[in-house]
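For reference, upload.txt is printed below; it contains compact mmCIF, C-alpha atoms and all ligand atoms.
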```txt
# COMPACT_ATOMS: atom_id res chain seq x y z
CA MET A 2 64.78 -30.37 51.70
CA ILE A 3 66.49 -32.67 49.19
CA THR A 4 64.18 -35.20 47.53
CA MET A 5 64.54 -37.41 44.45
CA ASP A 6 63.37 -34.42 42.35
CA THR A 7 66.50 -32.54 43.48
CA ILE A 8 68.83 -35.25 42.22
CA ILE A 9 69.93 -34.94 38.60
CA ARG A 10 70.13 -38.05 36.40
CA GLU A 11 72.66 -39.37 33.90
CA GLY A 12 72.67 -37.24 30.76
CA ASN A 13 72.90 -34.04 32.77
CA PRO A 14 76.36 -32.66 31.86
CA THR A 15 77.08 -31.60 35.46
CA LEU A 16 77.61 -35.30 36.28
CA ARG A 17 80.56 -35.30 33.87
CA GLU A 18 82.24 -32.13 35.15
CA VAL A 19 85.22 -31.90 37.51
CA ALA A 20 83.81 -30.12 40.56
CA LYS A 21 85.55 -27.13 42.14
CA GLU A 22 87.12 -27.07 45.59
CA VAL A 23 85.19 -25.11 48.21
CA SER A 24 86.90 -22.24 50.01
CA VAL A 25 88.02 -22.69 53.61
CA PRO A 26 86.90 -21.36 56.05
CA LEU A 27 83.62 -22.85 54.91
CA SER A 28 80.82 -20.51 53.89
CA ASP A 29 77.48 -20.71 55.69
CA GLU A 30 76.00 -21.78 52.35
CA ASP A 31 78.38 -24.75 52.04
CA ILE A 32 77.80 -25.75 55.67
CA LYS A 33 74.02 -25.63 55.15
CA LEU A 34 74.33 -27.67 51.95
CA GLY A 35 76.31 -30.34 53.79
CA GLU A 36 73.65 -30.50 56.49
CA GLU A 37 70.92 -30.93 53.86
CA MET A 38 72.89 -33.70 52.15
CA MET A 39 73.28 -35.58 55.43
CA GLU A 40 69.60 -35.06 56.23
CA PHE A 41 68.74 -36.65 52.87
CA LEU A 42 70.82 -39.73 53.71
CA HIS A 43 69.16 -40.07 57.10
CA ASN A 44 65.68 -39.69 55.56
CA SER A 45 66.50 -42.13 52.77
CA GLN A 46 67.46 -44.78 55.34
CA ASP A 47 64.38 -44.19 57.51
CA PRO A 48 61.64 -46.59 56.30
CA VAL A 49 58.81 -44.22 57.28
CA LYS A 50 60.35 -41.03 55.85
CA ALA A 51 61.70 -42.78 52.74
CA GLU A 52 58.20 -44.11 52.03
CA GLU A 53 56.56 -40.72 52.75
CA LEU A 54 59.05 -38.79 50.60
CA GLY A 55 59.51 -41.46 47.91
CA LEU A 56 63.25 -41.67 48.48
CA ARG A 57 65.64 -44.34 47.20
CA GLY A 58 67.95 -45.46 50.00
CA GLY A 59 71.44 -44.04 49.76
CA VAL A 60 74.62 -44.35 51.83
CA GLY A 61 76.31 -41.46 50.08
CA LEU A 62 75.60 -38.32 48.08
CA ALA A 63 77.80 -35.88 46.16
CA ALA A 64 77.01 -32.22 45.48
CA PRO A 65 77.20 -32.62 41.68
CA GLN A 66 74.17 -34.93 41.98
CA LEU A 67 72.32 -31.79 43.11
CA ASP A 68 73.59 -29.91 40.04
CA ILE A 69 76.10 -28.14 42.30
CA SER A 70 79.63 -28.57 40.96
CA LYS A 71 81.43 -28.33 44.31
CA ARG A 72 83.75 -30.85 46.02
CA ILE A 73 81.36 -31.79 48.82
CA ILE A 74 80.22 -35.33 49.70
CA ALA A 75 78.16 -36.82 52.50
CA VAL A 76 78.40 -40.44 53.60
CA HIS A 77 76.30 -42.26 56.17
CA VAL A 78 76.96 -45.98 56.44
CA PRO A 79 74.71 -47.69 59.00
CA SER A 80 76.23 -50.46 61.09
CA GLY A 81 73.42 -52.78 59.94
CA ASP A 82 73.38 -54.29 63.42
CA LEU A 83 70.28 -53.30 65.39
CA GLU A 84 72.11 -53.89 68.69
CA ASN A 85 74.69 -51.30 67.70
CA PRO A 86 72.91 -48.47 65.89
CA GLU A 87 76.14 -46.42 65.59
CA PRO A 88 76.97 -45.89 61.90
CA THR A 89 80.36 -47.22 60.81
CA LEU A 90 81.00 -43.94 58.96
CA SER A 91 79.01 -40.70 59.02
CA ALA A 92 80.53 -37.48 57.75
CA VAL A 93 80.14 -34.51 55.46
CA MET A 94 83.49 -34.14 53.67
CA TYR A 95 84.68 -30.93 52.00
CA ASN A 96 87.49 -31.16 49.43
CA PRO A 97 88.03 -34.89 50.07
CA LYS A 98 91.29 -36.21 48.64
CA ILE A 99 92.70 -39.73 48.45
CA LEU A 100 96.30 -39.40 49.68
CA SER A 101 97.30 -43.03 49.23
CA HIS A 102 95.75 -46.44 48.70
CA SER A 103 96.43 -50.16 48.99
CA VAL A 104 97.75 -52.25 46.13
CA GLN A 105 94.87 -54.58 47.02
CA ASP A 106 91.73 -53.89 45.00
CA ALA A 107 88.16 -54.75 45.99
CA CYS A 108 84.62 -54.67 44.66
CA LEU A 109 81.12 -55.30 46.00
CA GLY A 110 79.83 -58.76 45.08
CA GLU A 111 76.44 -57.23 44.28
CA GLY A 112 77.89 -54.47 42.11
CA GLU A 113 76.92 -50.82 42.58
CA GLY A 114 74.03 -48.52 41.83
CA CYS A 115 73.60 -44.76 41.83
CA LEU A 116 70.81 -42.35 42.72
CA SER A 117 71.56 -40.56 39.45
CA VAL A 118 71.16 -43.76 37.40
CA ASP A 119 67.62 -45.07 36.96
CA ARG A 120 68.65 -48.47 35.65
CA GLU A 121 70.55 -51.55 36.78
CA VAL A 122 74.09 -51.76 35.42
CA PRO A 123 75.43 -55.18 36.39
CA GLY A 124 79.09 -55.91 36.88
CA TYR A 125 82.03 -55.61 39.26
CA VAL A 126 83.18 -52.04 40.05
CA VAL A 127 86.82 -52.58 41.01
CA ARG A 128 88.20 -50.01 43.44
CA HIS A 129 90.98 -49.71 46.05
CA ASN A 130 90.35 -51.88 49.14
CA LYS A 131 91.96 -49.38 51.51
CA ILE A 132 92.41 -45.62 51.21
CA THR A 133 93.98 -42.83 53.24
CA LEU A 134 91.80 -39.78 52.89
CA SER A 135 92.08 -36.12 53.85
CA TYR A 136 89.13 -33.74 53.99
CA VAL A 137 87.81 -30.68 55.81
CA ASP A 138 84.95 -31.54 58.15
CA ALA A 139 81.78 -29.55 58.84
CA ALA A 140 83.58 -27.74 61.67
CA GLY A 141 86.26 -26.62 59.22
CA VAL A 142 88.85 -28.95 60.73
CA LYS A 143 91.25 -30.85 58.45
CA GLN A 144 90.86 -34.60 58.97
CA LYS A 145 92.98 -37.53 57.81
CA ILE A 146 91.44 -40.99 58.08
CA ARG A 147 91.99 -44.51 56.79
CA LEU A 148 89.09 -46.54 55.40
CA LYS A 149 88.80 -50.08 54.13
CA ASN A 150 86.23 -52.44 52.56
CA TYR A 151 82.65 -51.18 52.23
CA GLU A 152 83.29 -47.71 53.68
CA ALA A 153 86.24 -47.21 51.34
CA ILE A 154 84.11 -48.31 48.37
CA VAL A 155 81.35 -45.82 49.23
CA VAL A 156 83.77 -42.89 49.60
CA GLN A 157 85.47 -43.74 46.29
CA HIS A 158 82.04 -43.83 44.59
CA GLU A 159 81.33 -40.33 45.94
CA ILE A 160 84.75 -38.88 45.09
CA ASP A 161 84.28 -40.27 41.55
CA HIS A 162 81.21 -38.00 41.27
CA LEU A 163 83.46 -34.99 42.03
CA ASN A 164 85.61 -36.00 39.05
CA GLY A 165 82.77 -36.66 36.59
CA VAL A 166 83.15 -40.45 36.87
CA MET A 167 80.15 -42.81 37.05
CA PHE A 168 80.38 -46.26 38.67
CA TYR A 169 79.75 -48.06 35.38
CA ASP A 170 82.83 -46.40 33.84
CA HIS A 171 84.81 -48.98 35.86
CA ILE A 172 82.86 -52.02 34.62
CA ASN A 173 84.63 -54.25 32.06
CA GLN A 174 82.52 -53.94 28.91
CA GLU A 175 83.65 -57.28 27.42
CA ASN A 176 82.98 -59.21 30.61
CA PRO A 177 81.31 -57.23 33.41
CA TYR A 178 82.25 -59.92 35.92
CA ALA A 179 85.86 -60.31 34.83
CA LEU A 180 88.19 -60.19 37.82
CA LYS A 181 91.96 -59.95 37.91
CA ASP A 182 93.71 -62.24 40.41
CA GLY A 183 93.65 -61.07 43.99
CA VAL A 184 90.70 -58.66 43.82
CA LEU A 185 88.74 -58.92 47.07
CA VAL A 186 84.99 -59.46 46.49
CA ILE A 187 83.09 -57.88 49.39
CA GLU A 188 79.74 -59.59 50.09
O1 LIG B 1 76.54 -41.13 44.73
C1 LIG B 1 75.74 -41.73 45.70
N1 LIG B 1 74.76 -42.56 45.18
O2 LIG B 1 74.52 -42.56 43.90
C2 LIG B 1 74.11 -43.49 46.08
C3 LIG B 1 74.71 -44.89 46.04
C4 LIG B 1 76.03 -44.95 46.71
C5 LIG B 1 76.77 -46.24 46.55
C6 LIG B 1 76.16 -47.40 46.09
C7 LIG B 1 76.90 -48.57 45.95
C8 LIG B 1 78.24 -48.58 46.27
C9 LIG B 1 78.85 -47.42 46.72
C10 LIG B 1 78.11 -46.26 46.86
NI NI B 2 76.23 -42.17 42.85
```
Translate the structure described by the file into structure tokens.
Amino acid sequence: MITMDTIIREGNPTLREVAKEVSVPLSDEDIKLGEEMMEFLHNSQDPVKAEELGLRGGVGLAAPQLDISKRIIAVHVPSGDLENPEPTLSAVMYNPKILSHSVQDACLGEGEGCLSVDREVPGYVVRHNKITLSYVDAAGVKQKIRLKNYEAIVVQHEIDHLNGVMFYDHINQENPYALKDGVLVIE
């Protein structure tokens, strides 16, 4: 089971590597890893289990954070609405690739954090507002989806991990809250 002890922290060189594509058809090992990554996200968002296991809540996880330099990410974005418990996005993605994106940029008003970063790094992390994404799903089927706003931000954060990029690499060092005209701030 993945716990916080499994997750490597900044300074570990694996977080700065470009991860390798996984072979398709997917190996049993890669399928199992994806399942464990998704289980971690579920546990981390379950108040009882998160408390029991000492987990920080996460909506995404990338294999390099487990010291595994493979292009595998898991995302699980809860709807946040108790009436409608369906998550807005829940998927293990193998070899995810951004095919195209909007001109419109966006960032989270509250900035970003990372399970591999044990400190606050304030500032806007400017990303694409909308992305068209291809990936291979856990069943080995090629998917092509379009995402926008928060879900698009989360997936871009995870794909960054596959390319050795940390969220704070995007923050303006001179003025962390500098914003170009037209950037959508997502609250
Ligand atoms: O890489 C996943 N991880 O470090 C957990 C946090 C994910 C995340 C947090 C804020 C905005 C987008 C994504
Ligand atoms: Ni992260």
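From atom CA of A:Tyr169 back to atom CA of A:Ile3, the distance works out to 24.6 Å.
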Legend entry - Env. residues ligand NI 2 (chain B) / 12 Å / all atoms listed in the file / as an NGL selection string: :A and (8-11 or 16 or 57-67 or 74-76 or 113-119 or 154-170)
Legend entry - Given only C-alpha atoms and all ligand atoms as the counted atoms, nearest of A:Leu134, A:Leu180, A:Leu42, A:Leu83 to ligand LIG 1 (chain B): A:Leu42
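For the set A:Val25, A:Ile132, A:Asn150, A:Val49, the residue with the smallest atom-to-atom gap to ligand LIG 1 (chain B) is A:Asn150, counting all atoms listed in the file.
When atom CA of A:Met94 is paired with atom CA of A:Asp138, their separation reads 5.4 Å.
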Inset, instruction - Rank A:Met39, A:Ile32, A:Ile73, A:Leu109 by their smallest atom-to-atom distance to ligand LIG 1 (chain B), using all atoms listed in the file, and report the top residue only. - result: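 The closest residue to ligand LIG 1 (chain B) is A:Leu109.
Atom pair atom CA of A:Val137 / atom CA of A:His171: separated by 27.2 Å.
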Inset, instruction - Choose the residue, out of A:Val93, A:Leu100, A:Val78, A:Leu185, that has the smallest atom-to-atom separation from ligand LIG 1 (chain B); count only C-alpha atoms and all ligand atoms. - result: A:Val78
Inset, instruction - Point out the residue among A:Lys50, A:Arg17, A:Arg147, A:Arg72 with the least atom-to-atom distance to A:Ser135, counting all atoms listed in the file. - result: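 So, comparing all the options, the nearest one is A:Arg147.
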Legend entry - Selected residue, from A:Ile146, A:Ala153, A:Val19, A:Leu34, that lies nearest to ligand LIG 1 (chain B) when counting only C-alpha atoms and all ligand atoms: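 Using only C-alpha atoms and all ligand atoms, ligand LIG 1 (chain B) sits closest to A:Ala153.
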Legend entry - A:Ser80 surroundings by only C-alpha atoms, 12 Å radius, close-in-sequence under 3 positions cut, as number ranges by chain: A: 46, 60, 77, 83-91, 151-152
Inset, instruction - Anything within 7 Å of (66.9, -36.1, 48.1): list those residues as a list in words, counting only C-alpha atoms and sticking to the file's coordinates. - result: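 Residues found, by chain and rising number: Ile3, Thr4, Met5, Asp6, Thr7, Ile8, Phe41 and Leu56 of chain A.
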Inset, instruction - Enumerate, as a PyMOL selection string, the protein, DNA and RNA residues whose atoms approach (76.9, -57.2, 47.2) to within 7 Å, taking into account all atoms listed in the file and the coordinate frame of the file. - result: chain A and resi 109-112+187-188
Selection export as a compact mmCIF listing (two decimals), keeping the file's coordinate frame, atoms kept: C-alpha atoms:
```
# COMPACT_ATOMS: atom_id res chain seq x y z
CA LEU A 109 81.12 -55.30 46.00
CA GLY A 110 79.83 -58.76 45.08
CA GLU A 111 76.44 -57.23 44.28
CA GLY A 112 77.89 -54.47 42.11
CA ILE A 187 83.09 -57.88 49.39
CA GLU A 188 79.74 -59.59 50.09
```
